[in-house]
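structure.csv follows (CSV, C-alpha atoms and all ligand atoms):
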```
chain,number,residue,atom,x,y,z
R,1,MET,CA,0.0,0.0,0.0
R,2,MET,CA,1.1,3.6,-0.7
R,3,HIS,CA,2.8,5.1,2.4
R,4,LEU,CA,5.1,7.9,3.6
R,5,ALA,CA,8.5,6.3,4.1
R,6,ARG,CA,10.5,9.3,5.5
R,7,ILE,CA,9.2,12.6,6.8
R,8,LYS,CA,11.4,15.7,7.2
R,9,GLY,CA,10.5,19.2,8.3
R,10,GLU,CA,12.1,22.5,9.1
R,11,ASN,CA,10.9,25.2,11.4
R,12,PHE,CA,7.4,23.8,11.5
R,13,ARG,CA,5.8,25.1,14.7
R,14,LEU,CA,8.0,24.0,17.6
R,15,PHE,CA,10.0,21.5,15.4
R,16,GLU,CA,13.2,23.2,14.3
R,17,LYS,CA,14.1,20.0,12.6
R,18,LEU,CA,11.9,17.0,12.0
R,19,ASP,CA,13.2,13.7,10.6
R,20,PHE,CA,11.8,10.3,11.1
R,21,ASN,CA,10.9,7.1,9.3
R,22,PRO,CA,7.3,6.1,10.0
R,23,HIS,CA,6.1,2.6,9.9
R,24,PRO,CA,4.3,1.6,6.7
R,25,ARG,CA,1.2,0.6,8.6
R,26,VAL,CA,0.8,2.1,12.1
R,27,THR,CA,2.9,4.8,13.8
R,28,PHE,CA,2.1,5.7,17.4
R,29,ILE,CA,3.3,9.0,18.7
R,30,THR,CA,3.1,9.6,22.5
R,31,GLY,CA,4.0,12.7,24.5
R,32,GLU,CA,2.9,15.1,27.2
R,33,ASN,CA,0.7,18.1,26.8
R,34,ALA,CA,2.3,20.6,24.4
R,35,ALA,CA,5.0,18.2,23.4
R,36,GLY,CA,4.2,18.6,19.7
R,37,LYS,CA,1.9,15.6,18.9
R,38,THR,CA,-0.8,17.6,17.1
R,39,SER,CA,1.9,19.7,15.3
R,40,LEU,CA,3.4,16.5,14.0
R,41,LEU,CA,0.1,15.3,12.6
R,42,GLU,CA,-0.5,18.8,11.2
R,43,SER,CA,2.8,18.7,9.3
R,44,ILE,CA,1.7,15.4,7.6
R,45,TYR,CA,-1.7,16.9,6.9
R,46,CYS,CA,0.0,19.8,5.2
R,47,LEU,CA,1.7,17.4,2.9
R,48,GLY,CA,-1.6,16.0,1.7
R,49,ARG,CA,-3.7,19.2,1.7
R,50,ALA,CA,-1.2,22.1,1.6
R,51,LYS,CA,-3.0,23.6,4.6
R,52,SER,CA,-3.5,23.1,8.3
R,53,PHE,CA,-6.6,21.4,9.8
R,54,ARG,CA,-6.6,23.8,12.7
R,55,GLY,CA,-7.9,26.7,10.7
R,56,ASN,CA,-4.5,28.6,11.1
R,57,GLY,CA,-3.0,30.4,8.1
R,58,PRO,CA,0.4,29.2,6.9
R,59,ALA,CA,2.3,32.0,8.7
R,60,GLU,CA,1.1,30.6,12.1
R,61,LEU,CA,3.0,27.4,11.3
R,62,ALA,CA,6.4,29.0,11.1
R,63,GLY,CA,8.5,28.4,14.2
R,64,ALA,CA,11.2,30.4,16.0
R,65,LEU,CA,13.7,30.4,13.1
R,66,GLY,CA,11.8,32.9,11.0
R,67,LYS,CA,9.1,33.4,8.4
R,68,HIS,CA,9.4,30.1,6.6
R,69,TRP,CA,8.7,26.4,7.0
R,70,GLN,CA,8.8,23.2,5.0
R,71,VAL,CA,7.7,19.6,5.2
R,72,MET,CA,8.9,16.9,2.8
R,73,ALA,CA,8.3,13.2,2.6
R,74,LYS,CA,9.2,10.2,0.5
R,75,LEU,CA,6.0,8.7,-0.9
R,76,GLN,CA,6.4,5.0,-1.5
R,77,LYS,CA,4.0,3.2,-3.8
R,78,PRO,CA,4.0,-0.5,-4.4
R,79,ASP,CA,6.0,-1.5,-7.5
R,80,ALA,CA,6.9,2.0,-8.4
R,81,PRO,CA,9.9,4.3,-7.6
R,82,SER,CA,9.3,6.6,-4.7
R,83,THR,CA,8.1,10.2,-5.2
R,84,THR,CA,9.2,13.2,-3.2
R,85,VAL,CA,6.5,15.5,-1.9
R,86,ARG,CA,7.3,18.9,-0.5
R,87,VAL,CA,5.1,21.7,0.8
R,88,ALA,CA,6.9,24.9,1.8
R,89,TRP,CA,5.9,28.4,2.9
R,90,ASN,CA,7.7,31.7,3.0
R,91,THR,CA,6.5,35.3,2.8
R,92,GLU,CA,6.0,34.9,-0.9
R,93,GLY,CA,3.5,32.2,-0.4
R,94,THR,CA,3.0,28.4,-0.3
R,95,SER,CA,4.7,26.2,-2.8
R,96,VAL,CA,4.1,22.6,-3.5
R,97,ARG,CA,6.2,20.0,-5.3
R,98,PHE,CA,5.0,16.5,-6.1
R,99,GLY,CA,7.6,14.5,-7.9
R,100,GLU,CA,8.4,16.1,-11.2
R,101,SER,CA,5.4,18.4,-10.9
R,102,THR,CA,6.5,21.7,-9.5
R,103,LYS,CA,3.1,23.4,-9.4
R,104,PRO,CA,0.5,20.8,-8.9
R,105,SER,CA,-3.0,22.2,-8.1
R,106,THR,CA,-4.4,21.5,-4.7
R,107,ALA,CA,-6.9,19.1,-6.3
R,108,GLU,CA,-4.0,17.2,-7.8
R,109,LEU,CA,-2.1,17.0,-4.5
R,110,VAL,CA,-5.3,15.9,-2.6
R,111,SER,CA,-6.0,13.2,-5.1
R,112,GLN,CA,-2.4,11.9,-5.2
R,113,LEU,CA,-1.9,11.9,-1.4
R,114,PRO,CA,-5.4,11.4,0.1
R,115,THR,CA,-5.2,12.3,3.8
R,116,GLN,CA,-7.9,12.3,6.4
R,117,ILE,CA,-7.9,13.3,10.1
R,118,ILE,CA,-9.8,12.3,13.1
R,119,GLU,CA,-9.4,14.8,15.9
R,120,PRO,CA,-11.3,16.1,18.9
R,121,ALA,CA,-12.8,19.1,17.0
R,122,MET,CA,-14.4,16.6,14.6
R,123,HIS,CA,-17.5,16.3,16.8
R,124,ARG,CA,-18.6,19.2,14.5
R,125,LEU,CA,-19.3,16.7,11.8
R,126,LEU,CA,-22.3,15.5,13.8
R,127,GLN,CA,-23.1,18.5,15.9
R,128,ASP,CA,-22.8,21.5,13.7
R,129,GLY,CA,-24.3,22.8,10.4
R,130,PRO,CA,-24.7,20.7,7.2
R,131,SER,CA,-21.6,22.1,5.5
R,132,TYR,CA,-19.4,19.7,7.6
R,133,ARG,CA,-21.4,16.7,6.5
R,134,ARG,CA,-21.5,17.9,2.9
R,135,SER,CA,-17.7,18.2,2.9
R,136,PHE,CA,-17.4,14.7,4.4
R,137,LEU,CA,-19.6,13.3,1.7
R,138,ASP,CA,-17.9,15.2,-1.2
R,139,TRP,CA,-14.4,14.2,0.0
R,140,GLY,CA,-15.5,10.6,-0.6
R,141,VAL,CA,-17.2,11.3,-3.9
R,142,PHE,CA,-14.1,13.2,-5.1
R,143,HIS,CA,-11.8,10.3,-4.5
R,144,VAL,CA,-14.0,7.6,-6.0
R,145,GLU,CA,-15.6,9.4,-8.9
R,146,GLN,CA,-13.1,11.2,-11.2
R,147,GLN,CA,-15.8,13.2,-13.0
R,148,PHE,CA,-17.0,14.8,-9.8
R,149,PHE,CA,-14.4,17.5,-9.4
R,150,PRO,CA,-14.9,19.3,-12.8
R,151,VAL,CA,-18.6,19.2,-12.3
R,152,TRP,CA,-18.3,20.5,-8.8
R,153,ARG,CA,-16.1,23.3,-10.0
R,154,ARG,CA,-18.6,24.2,-12.7
R,155,HIS,CA,-21.3,24.2,-10.1
R,156,GLN,CA,-19.4,26.5,-7.8
R,157,ARG,CA,-18.7,29.0,-10.6
R,158,ALA,CA,-22.3,29.1,-11.9
R,159,LEU,CA,-23.6,29.4,-8.3
R,160,LYS,CA,-21.3,32.3,-7.6
R,161,GLN,CA,-22.2,34.1,-10.7
R,162,ARG,CA,-26.0,33.6,-10.2
R,163,ASN,CA,-25.7,34.7,-6.6
R,164,LYS,CA,-23.8,37.8,-7.7
R,165,ALA,CA,-26.5,38.6,-10.3
R,166,LEU,CA,-29.2,38.1,-7.6
R,167,ARG,CA,-27.3,40.3,-5.1
R,168,LEU,CA,-26.9,43.1,-7.7
R,169,LYS,CA,-30.7,42.9,-8.5
R,170,SER,CA,-29.9,42.1,-12.1
R,171,SER,CA,-32.7,41.6,-14.6
R,172,PRO,CA,-34.4,38.1,-14.6
R,173,LYS,CA,-33.0,37.6,-18.0
R,174,GLU,CA,-29.4,38.0,-16.8
R,175,ILE,CA,-30.0,35.7,-13.8
R,176,LEU,CA,-31.6,33.0,-16.0
R,177,THR,CA,-28.4,32.8,-18.1
R,178,TRP,CA,-26.8,30.9,-15.3
R,179,ASP,CA,-29.7,28.5,-14.6
R,180,GLU,CA,-28.9,25.9,-17.1
R,181,GLU,CA,-25.3,25.4,-16.2
R,182,LEU,CA,-26.1,25.5,-12.5
R,183,ALA,CA,-29.0,23.0,-12.8
R,184,GLY,CA,-27.0,20.6,-15.1
R,185,ALA,CA,-24.1,20.5,-12.6
R,186,ALA,CA,-26.4,20.2,-9.5
R,187,GLU,CA,-28.3,17.2,-11.0
R,188,LEU,CA,-25.1,15.4,-11.7
R,189,ILE,CA,-23.7,16.2,-8.2
R,190,LEU,CA,-26.9,14.8,-6.7
R,191,GLN,CA,-26.5,11.6,-8.8
R,192,TYR,CA,-22.8,11.2,-7.7
R,193,ARG,CA,-23.8,11.7,-4.1
R,194,ILE,CA,-26.7,9.2,-4.2
R,195,GLU,CA,-24.4,6.6,-5.8
R,196,HIS,CA,-21.7,7.2,-3.3
R,197,LEU,CA,-24.0,6.9,-0.3
R,198,ALA,CA,-25.6,3.7,-1.7
R,199,ALA,CA,-22.2,2.1,-1.9
R,200,LEU,CA,-21.2,3.5,1.5
R,201,LYS,CA,-24.2,2.2,3.4
R,202,PRO,CA,-23.4,-1.5,3.6
R,203,ILE,CA,-19.8,-0.9,4.7
R,204,LEU,CA,-20.9,1.7,7.3
R,205,GLY,CA,-23.8,-0.5,8.4
R,206,GLU,CA,-21.5,-3.4,9.3
R,207,MET,CA,-19.3,-1.1,11.4
R,208,VAL,CA,-22.2,0.7,13.1
R,209,THR,CA,-24.0,-2.6,13.9
R,210,LYS,CA,-20.9,-3.9,15.5
R,211,LEU,CA,-20.0,-0.8,17.4
R,212,PHE,CA,-23.5,0.1,18.7
R,213,ASN,CA,-25.0,-3.4,18.8
R,214,THR,CA,-28.0,-2.3,16.8
R,215,GLU,CA,-29.4,-2.5,13.3
R,216,ASP,CA,-31.6,0.5,13.9
R,217,TRP,CA,-29.6,3.2,12.2
R,218,SER,CA,-29.9,5.2,9.0
R,219,ILE,CA,-28.1,7.7,6.9
R,220,GLU,CA,-30.1,9.7,4.4
R,221,LEU,CA,-29.3,12.4,1.9
R,222,GLN,CA,-31.4,15.4,1.6
R,223,PRO,CA,-30.6,16.8,-1.9
R,224,GLY,CA,-31.0,20.5,-1.0
R,225,TRP,CA,-34.1,21.0,-3.1
R,226,SER,CA,-37.5,19.4,-3.7
R,227,THR,CA,-36.8,16.7,-6.3
R,228,ASP,CA,-40.4,16.3,-7.2
R,229,THR,CA,-39.6,18.5,-10.2
R,230,PRO,CA,-36.3,19.0,-12.0
R,231,TYR,CA,-34.0,21.6,-10.3
R,232,ILE,CA,-34.2,23.9,-13.2
R,233,GLU,CA,-38.0,24.2,-12.9
R,234,GLY,CA,-37.6,25.0,-9.2
R,235,LEU,CA,-35.0,27.7,-10.0
R,236,ARG,CA,-37.4,29.3,-12.4
R,237,LYS,CA,-40.5,29.0,-10.2
R,238,ASN,CA,-38.6,30.5,-7.2
R,239,LEU,CA,-36.8,33.3,-9.1
R,240,GLU,CA,-38.7,36.1,-7.3
R,241,ARG,CA,-38.0,34.6,-3.9
R,242,ASP,CA,-34.3,34.2,-4.8
R,243,ARG,CA,-34.2,37.8,-6.0
R,244,LYS,CA,-35.7,39.0,-2.8
R,245,MET,CA,-33.2,37.0,-0.7
R,246,GLY,CA,-30.3,38.0,-2.9
R,247,MET,CA,-29.1,34.3,-3.2
R,248,THR,CA,-30.0,30.9,-4.6
R,249,VAL,CA,-31.9,29.5,-1.7
R,250,GLU,CA,-32.1,25.8,-2.8
R,251,GLY,CA,-29.7,23.5,-4.5
R,252,ALA,CA,-26.9,21.0,-4.2
R,253,HIS,CA,-25.1,23.6,-2.0
R,254,ARG,CA,-27.8,23.0,0.6
R,255,ALA,CA,-27.6,19.2,0.7
R,256,GLU,CA,-27.7,17.6,4.1
R,257,LEU,CA,-26.9,14.2,5.5
R,258,LYS,CA,-29.3,13.0,8.2
R,259,LEU,CA,-27.9,10.3,10.6
R,260,LYS,CA,-30.1,8.4,13.0
R,261,LEU,CA,-29.3,5.8,15.6
R,262,ASN,CA,-32.0,3.9,17.5
R,263,SER,CA,-34.6,6.1,15.7
R,264,HIS,CA,-33.1,9.4,17.0
R,265,GLN,CA,-31.1,12.1,15.3
R,266,VAL,CA,-27.6,11.4,16.4
R,267,LYS,CA,-27.0,15.1,17.1
R,268,ASN,CA,-29.4,15.0,20.0
R,269,ARG,CA,-28.7,11.7,21.6
R,270,ILE,CA,-25.3,10.2,21.6
R,271,SER,CA,-22.4,10.7,24.1
R,272,ARG,CA,-19.0,12.2,23.2
R,273,GLY,CA,-17.4,8.8,23.2
R,274,GLN,CA,-20.1,7.4,20.9
R,275,GLN,CA,-19.7,10.4,18.6
R,276,LYS,CA,-16.0,9.7,18.3
R,277,LEU,CA,-16.7,6.0,17.4
R,278,LEU,CA,-19.3,7.0,14.8
R,279,ILE,CA,-17.2,9.7,13.2
R,280,SER,CA,-14.3,7.2,13.0
R,281,ALA,CA,-16.7,4.7,11.4
R,282,LEU,CA,-17.8,7.2,8.8
R,283,ILE,CA,-14.3,8.0,7.8
R,284,LEU,CA,-13.1,4.4,7.8
R,285,ALA,CA,-16.1,3.3,5.8
R,286,GLN,CA,-15.3,6.0,3.2
R,287,SER,CA,-11.7,4.9,3.2
R,288,GLU,CA,-12.7,1.3,2.6
R,289,LEU,CA,-15.0,2.4,-0.2
R,290,MET,CA,-12.2,4.3,-1.8
R,291,TYR,CA,-9.9,1.3,-1.5
R,292,ARG,CA,-12.5,-1.0,-3.2
R,293,HIS,CA,-12.9,1.5,-6.1
R,294,THR,CA,-9.3,2.7,-6.6
R,295,GLY,CA,-7.0,0.2,-4.8
R,296,ARG,CA,-5.7,3.1,-2.7
R,297,SER,CA,-6.4,4.1,0.9
R,298,PRO,CA,-6.0,7.5,2.5
R,299,ILE,CA,-3.3,8.2,5.1
R,300,LEU,CA,-5.2,8.5,8.3
R,301,LEU,CA,-4.2,10.8,11.1
R,302,VAL,CA,-5.7,10.2,14.5
R,303,ASP,CA,-5.1,12.9,17.2
R,304,ASP,CA,-5.6,12.1,20.9
R,305,PHE,CA,-6.6,8.5,20.5
R,306,SER,CA,-7.8,8.0,24.1
R,307,ALA,CA,-9.6,11.3,24.6
R,308,GLU,CA,-13.2,10.7,25.7
R,309,LEU,CA,-12.9,6.9,25.6
R,310,ALA,CA,-12.8,4.4,28.5
R,311,THR,CA,-11.1,1.1,28.0
R,312,GLU,CA,-13.9,-0.7,26.2
R,313,PHE,CA,-14.4,2.1,23.6
R,314,GLN,CA,-10.6,2.4,23.1
R,315,ARG,CA,-10.6,-1.3,22.2
R,316,ALA,CA,-13.6,-0.8,19.8
R,317,LEU,CA,-11.8,2.1,18.1
R,318,ALA,CA,-8.5,0.2,17.8
R,319,GLY,CA,-10.5,-2.7,16.3
R,320,LEU,CA,-11.9,-0.3,13.7
R,321,PHE,CA,-8.4,1.0,12.8
R,322,ALA,CA,-7.1,-2.5,12.5
R,323,GLN,CA,-9.4,-2.8,9.4
R,324,HIS,CA,-7.8,0.2,7.7
R,325,THR,CA,-5.7,-0.8,4.8
R,326,GLY,CA,-3.7,2.4,4.6
R,327,GLN,CA,-1.1,4.1,6.8
R,328,LEU,CA,-2.1,5.3,10.2
R,329,PHE,CA,-0.5,7.9,12.5
R,330,ILE,CA,-2.0,7.8,16.0
R,331,THR,CA,-1.1,10.2,18.9
R,332,ALA,CA,-1.8,9.7,22.6
R,333,PHE,CA,-0.4,10.8,25.9
R,334,GLU,CA,0.8,7.3,26.6
R,335,ARG,CA,0.7,3.8,25.4
R,336,VAL,CA,-2.7,2.1,26.2
R,337,PRO,CA,-3.5,-1.6,26.1
R,338,ALA,CA,-5.8,-1.1,23.1
R,339,PHE,CA,-2.6,-0.4,21.0
R,340,ASP,CA,-1.9,-4.2,21.2
R,341,LEU,CA,-4.7,-4.6,18.7
R,342,LEU,CA,-2.4,-2.9,16.2
R,343,PRO,CA,0.8,-4.9,16.5
R,344,ASP,CA,2.2,-4.1,13.1
R,345,SER,CA,3.5,-0.7,14.3
R,346,SER,CA,6.3,1.5,15.5
R,347,MET,CA,6.3,3.7,18.6
R,348,PHE,CA,7.7,7.2,18.8
R,349,HIS,CA,7.9,9.7,21.6
R,350,VAL,CA,7.9,13.5,21.2
R,351,GLU,CA,9.2,16.0,23.8
R,352,HIS,CA,9.7,19.7,23.3
R,353,GLY,CA,9.7,19.4,19.6
R,354,LEU,CA,12.1,16.4,19.4
R,355,ILE,CA,11.0,13.0,18.2
R,356,ARG,CA,12.7,9.7,19.0
R,357,GLU,CA,11.8,6.1,18.4
R,358,CYS,CA,11.0,4.0,21.5
E,1,LIG,N1,4.5,28.6,15.3
E,1,LIG,C1,4.9,28.0,16.4
E,1,LIG,N2,6.2,28.2,16.8
E,1,LIG,C2,6.7,27.6,17.9
E,1,LIG,N3,5.9,26.9,18.8
E,1,LIG,C3,4.6,26.8,18.5
E,1,LIG,C4,4.1,27.3,17.3
E,1,LIG,N4,2.8,27.0,17.3
E,1,LIG,C5,2.5,26.3,18.4
E,1,LIG,N5,3.6,26.1,19.2
E,1,LIG,C6,3.8,25.5,20.4
E,1,LIG,O1,3.9,24.1,20.2
E,1,LIG,C7,3.5,23.4,21.4
E,1,LIG,C8,2.9,22.1,21.0
E,1,LIG,O2,1.6,22.1,20.5
E,1,LIG,P1,0.8,20.8,20.1
E,1,LIG,O3,-0.6,21.3,19.9
E,1,LIG,O4,1.5,20.2,18.9
E,1,LIG,O5,1.0,19.9,21.4
E,1,LIG,P2,0.3,18.5,21.7
E,1,LIG,O6,1.5,17.5,22.0
E,1,LIG,O7,-0.6,18.0,20.7
E,1,LIG,O8,-0.4,18.8,23.1
E,1,LIG,P3,-1.8,18.4,23.7
E,1,LIG,O9,-1.7,16.9,24.0
E,1,LIG,O10,-1.8,19.2,24.9
E,1,LIG,O11,-2.9,18.8,22.7
E,1,LIG,C9,2.6,24.3,22.1
E,1,LIG,O12,3.2,24.6,23.4
E,1,LIG,C10,2.5,25.6,21.3
E,1,LIG,O13,2.6,26.7,22.1
```
Translate this structure into structure tokens?
Amino acid sequence: MMHLARIKGENFRLFEKLDFNPHPRVTFITGENAAGKTSLLESIYCLGRAKSFRGNGPAELAGALGKHWQVMAKLQKPDAPSTTVRVAWNTEGTSVRFGESTKPSTAELVSQLPTQIIEPAMHRLLQDGPSYRRSFLDWGVFHVEQQFFPVWRRHQRALKQRNKALRLKSSPKEILTWDEELAGAAELILQYRIEHLAALKPILGEMVTKLFNTEDWSIELQPGWSTDTPYIEGLRKNLERDRKMGMTVEGAHRAELKLKLNSHQVKNRISRGQQKLLISALILAQSELMYRHTGRSPILLVDDFSAELATEFQRALAGLFAQHTGQLFITAFERVPAFDLLPDSSMFHVEHGLIREC
């Protein structure tokens, strides 16, 4: 399986220098508070996404040595020469290098080095607004369906233009010029999302049934508009409302995923520990689907493994991770017995921005 074979960094947060050889399967990273565990995962995330997952701009990631940082890794693929990936920042901006390609687009990088993170702030995926669930869904569709990205981009462009025309109170004729493109893309996005969810359901179902000991669960897509009629008809029918609101009220950009467990919306009912298991199951199910479709698995970063979980849930989570076919990086304060369920692994310890193998 594709994996990162050597990771090096410079001046990345508290790491003046970073250089270690992770395990092709599972790398555990332990350390005290503020030792640098999350920063280490963040550096790997930057390699795959060219940005942080903590919502910080690139300048925030620069350490004490000045206004620059870089992260590099050797990406090893089965039966192929390794590729060097490098993401760097200085005051002129962020630059990315992927093998021979010196200016890959973010979409290219994301598709070449799929990376996912499970971290404490992810409870938003279940608790907060629909945009988090849409991003989750679309991440999976993007990696499984090659045609999705150009359609999604077309959709974003048409939506932006139509909304601009609505905001500027343009004439109905001008607004209508965007409808066909927007509607065509939105209908396709809906189809891709429906197909993805149908393929995801059985994989997720197996995980959820095992974790929660129930078959009473559901995941449902709300398309974002009333699908009784084609989207384009809705756009035309609701033109006056959209003009009044200054935006396109309905559409694929309003889609929502509804999750229920034991007949209740998960948002209102489940504990923090259960949320963590469910979010992990969602991400692992998508990873498995990606593996079945493309033969590739994402690199999975797991921050603060034990947080919110007592022993039994820790074992359940480790059991889930044991099914992951891709590379895993897992941080925790200390080694816990559940790690024994992932024996094909290496253990590292971080302290004040230094990493050493244990
Ligand atoms: N740009 C930066 N330059 C130098 N140090 C930084 C920078 N950004 C953050 N730090 C420091 O790095 C330290 C490590 O933070 P990090 O979040 O990686 O720790 P952690 O091991 O995940 O801790 P916890 O388990 O408490 O979440 C913090 O003390 C933080 O102040």
All residues 9 Å or closer to R:Leu289, only C-alpha atoms, same chain fewer than 3 positions away omitted, as a list in words: Gly140, Val144, His196, Ala199, Leu200, Ile203, Leu284, Ala285, Gln286, Arg292, His293, Thr294 and Ser297 of chain R
Within 12 Å of stretch 3-7 of chain R, counting all atoms listed in the file, which residues show up once you throw out same-chain ones fewer than 2 positions away? Write them as a short mmCIF file (atom, residue, chain, number, x, y, z; two decimals) with C-alpha atoms, in the coordinates of the input, please.
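Below you can see part-v6.cif, which holds the result:
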```
data_model
loop_
_atom_site.label_atom_id
_atom_site.label_comp_id
_atom_site.auth_asym_id
_atom_site.auth_seq_id
_atom_site.Cartn_x
_atom_site.Cartn_y
_atom_site.Cartn_z
CA MET R 1 0.00 0.00 0.00
CA GLY R 9 10.50 19.20 8.30
CA GLU R 10 12.10 22.50 9.10
CA LYS R 17 14.10 20.00 12.60
CA LEU R 18 11.90 17.00 12.00
CA ASP R 19 13.20 13.70 10.60
CA PHE R 20 11.80 10.30 11.10
CA ASN R 21 10.90 7.10 9.30
CA PRO R 22 7.30 6.10 10.00
CA HIS R 23 6.10 2.60 9.90
CA PRO R 24 4.30 1.60 6.70
CA ARG R 25 1.20 0.60 8.60
CA VAL R 26 0.80 2.10 12.10
CA THR R 27 2.90 4.80 13.80
CA LEU R 40 3.40 16.50 14.00
CA LEU R 41 0.10 15.30 12.60
CA SER R 43 2.80 18.70 9.30
CA ILE R 44 1.70 15.40 7.60
CA TYR R 45 -1.70 16.90 6.90
CA CYS R 46 0.00 19.80 5.20
CA LEU R 47 1.70 17.40 2.90
CA GLY R 48 -1.60 16.00 1.70
CA GLN R 70 8.80 23.20 5.00
CA VAL R 71 7.70 19.60 5.20
CA MET R 72 8.90 16.90 2.80
CA ALA R 73 8.30 13.20 2.60
CA LYS R 74 9.20 10.20 0.50
CA LEU R 75 6.00 8.70 -0.90
CA GLN R 76 6.40 5.00 -1.50
CA LYS R 77 4.00 3.20 -3.80
CA PRO R 78 4.00 -0.50 -4.40
CA ALA R 80 6.90 2.00 -8.40
CA PRO R 81 9.90 4.30 -7.60
CA SER R 82 9.30 6.60 -4.70
CA THR R 83 8.10 10.20 -5.20
CA THR R 84 9.20 13.20 -3.20
CA VAL R 85 6.50 15.50 -1.90
CA ARG R 86 7.30 18.90 -0.50
CA VAL R 87 5.10 21.70 0.80
CA GLN R 112 -2.40 11.90 -5.20
CA LEU R 113 -1.90 11.90 -1.40
CA PRO R 114 -5.40 11.40 0.10
CA THR R 115 -5.20 12.30 3.80
CA ARG R 296 -5.70 3.10 -2.70
CA SER R 297 -6.40 4.10 0.90
CA PRO R 298 -6.00 7.50 2.50
CA ILE R 299 -3.30 8.20 5.10
CA LEU R 300 -5.20 8.50 8.30
CA THR R 325 -5.70 -0.80 4.80
CA GLY R 326 -3.70 2.40 4.60
CA GLN R 327 -1.10 4.10 6.80
CA LEU R 328 -2.10 5.30 10.20
CA PHE R 329 -0.50 7.90 12.50
CA ILE R 355 11.00 13.00 18.20
#
```
Contacts to ligand LIG 1 (chain E) at 8 Å cut-off (all atoms listed in the file) as a ChimeraX atom specification: /R:11-15,31-40,59-64,303-304,332-333,350,352-353
Could the residues in this selection be saved with C-alpha atoms as a compact mmCIF listing (two decimals), in the frame of the given file?
```
# COMPACT_ATOMS: atom_id res chain seq x y z
CA ASN R 11 10.90 25.20 11.40
CA PHE R 12 7.40 23.80 11.50
CA ARG R 13 5.80 25.10 14.70
CA LEU R 14 8.00 24.00 17.60
CA PHE R 15 10.00 21.50 15.40
CA GLY R 31 4.00 12.70 24.50
CA GLU R 32 2.90 15.10 27.20
CA ASN R 33 0.70 18.10 26.80
CA ALA R 34 2.30 20.60 24.40
CA ALA R 35 5.00 18.20 23.40
CA GLY R 36 4.20 18.60 19.70
CA LYS R 37 1.90 15.60 18.90
CA THR R 38 -0.80 17.60 17.10
CA SER R 39 1.90 19.70 15.30
CA LEU R 40 3.40 16.50 14.00
CA ALA R 59 2.30 32.00 8.70
CA GLU R 60 1.10 30.60 12.10
CA LEU R 61 3.00 27.40 11.30
CA ALA R 62 6.40 29.00 11.10
CA GLY R 63 8.50 28.40 14.20
CA ALA R 64 11.20 30.40 16.00
CA ASP R 303 -5.10 12.90 17.20
CA ASP R 304 -5.60 12.10 20.90
CA ALA R 332 -1.80 9.70 22.60
CA PHE R 333 -0.40 10.80 25.90
CA VAL R 350 7.90 13.50 21.20
CA HIS R 352 9.70 19.70 23.30
CA GLY R 353 9.70 19.40 19.60
```
Neighbour list for R:Glu180 as number ranges by chain, cut-off 10 Å, only C-alpha atoms, skip fewer than 3 positions in-chain: R: 158, 176-177, 183-186, 231-232, 235
Atom pair atom CA of R:Glu195 / atom CA of R:Phe53: separation (Å):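 Straight-line distance from atom CA of R:Glu195 to atom CA of R:Phe53 works out to 27.9 Å.
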Best match for closeness to R:Gln275 among R:Arg49, R:Arg134, R:Lys258, R:Arg124, counting only C-alpha atoms: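 Among the listed residues, R:Arg124 lies closest to R:Gln275.
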Gap from atom CA of R:Thr331 to atom CA of R:Lys267 - Å, one decimal: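 It comes out at 26.4 Å.
Atom CA of R:Gln116 is positioned 24.2 Å from atom CA of R:Gln222.
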Minimum-distance residue to R:Ala107, chosen among R:Pro120, R:Pro150, R:Pro172, R:Gly66 (using only C-alpha atoms):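 When distances to R:Ala107 are compared using only C-alpha atoms, the smallest one comes from R:Pro150.
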Counting all atoms listed in the file, the option among R:Val266, R:Phe28, R:Ser95, R:Leu239 closest to R:Pro58: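 Looking at the shortest contact to R:Pro58, the residue is R:Ser95.
Here the question is which of R:Pro130, R:His68, R:His155, R:Lys164 gets nearest to R:Glu92 using all atoms listed in the file, and that residue is R:His68.
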Residue nearest R:Met2 among R:Tyr291, R:Ser346, R:Ile117, R:Ala318 (counting all atoms listed in the file):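 Once distances to R:Met2 are computed over all atoms listed in the file, the minimum belongs to R:Tyr291.
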Write out as a tab-separated table (two decimals) with C-alpha atoms, in the coordinates of the input the residues lying within 8 Å of R:Leu342, counting all atoms listed in the file and excluding same-chain residues fewer than 2 positions away.
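result03.tsv was written with the following content:
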```tsv
chain	number	residue	atom	x	y	z
R	26	VAL	CA	0.80	2.10	12.10
R	318	ALA	CA	-8.50	0.20	17.80
R	321	PHE	CA	-8.40	1.00	12.80
R	322	ALA	CA	-7.10	-2.50	12.50
R	338	ALA	CA	-5.80	-1.10	23.10
R	339	PHE	CA	-2.60	-0.40	21.00
R	340	ASP	CA	-1.90	-4.20	21.20
R	344	ASP	CA	2.20	-4.10	13.10
R	345	SER	CA	3.50	-0.70	14.30
```
Protein, DNA and RNA residues within 12 Å of (-37.7, 21.6, -9.5), all atoms listed in the file, as a ChimeraX atom specification: /R:179,183,186-187,223-239,250-251
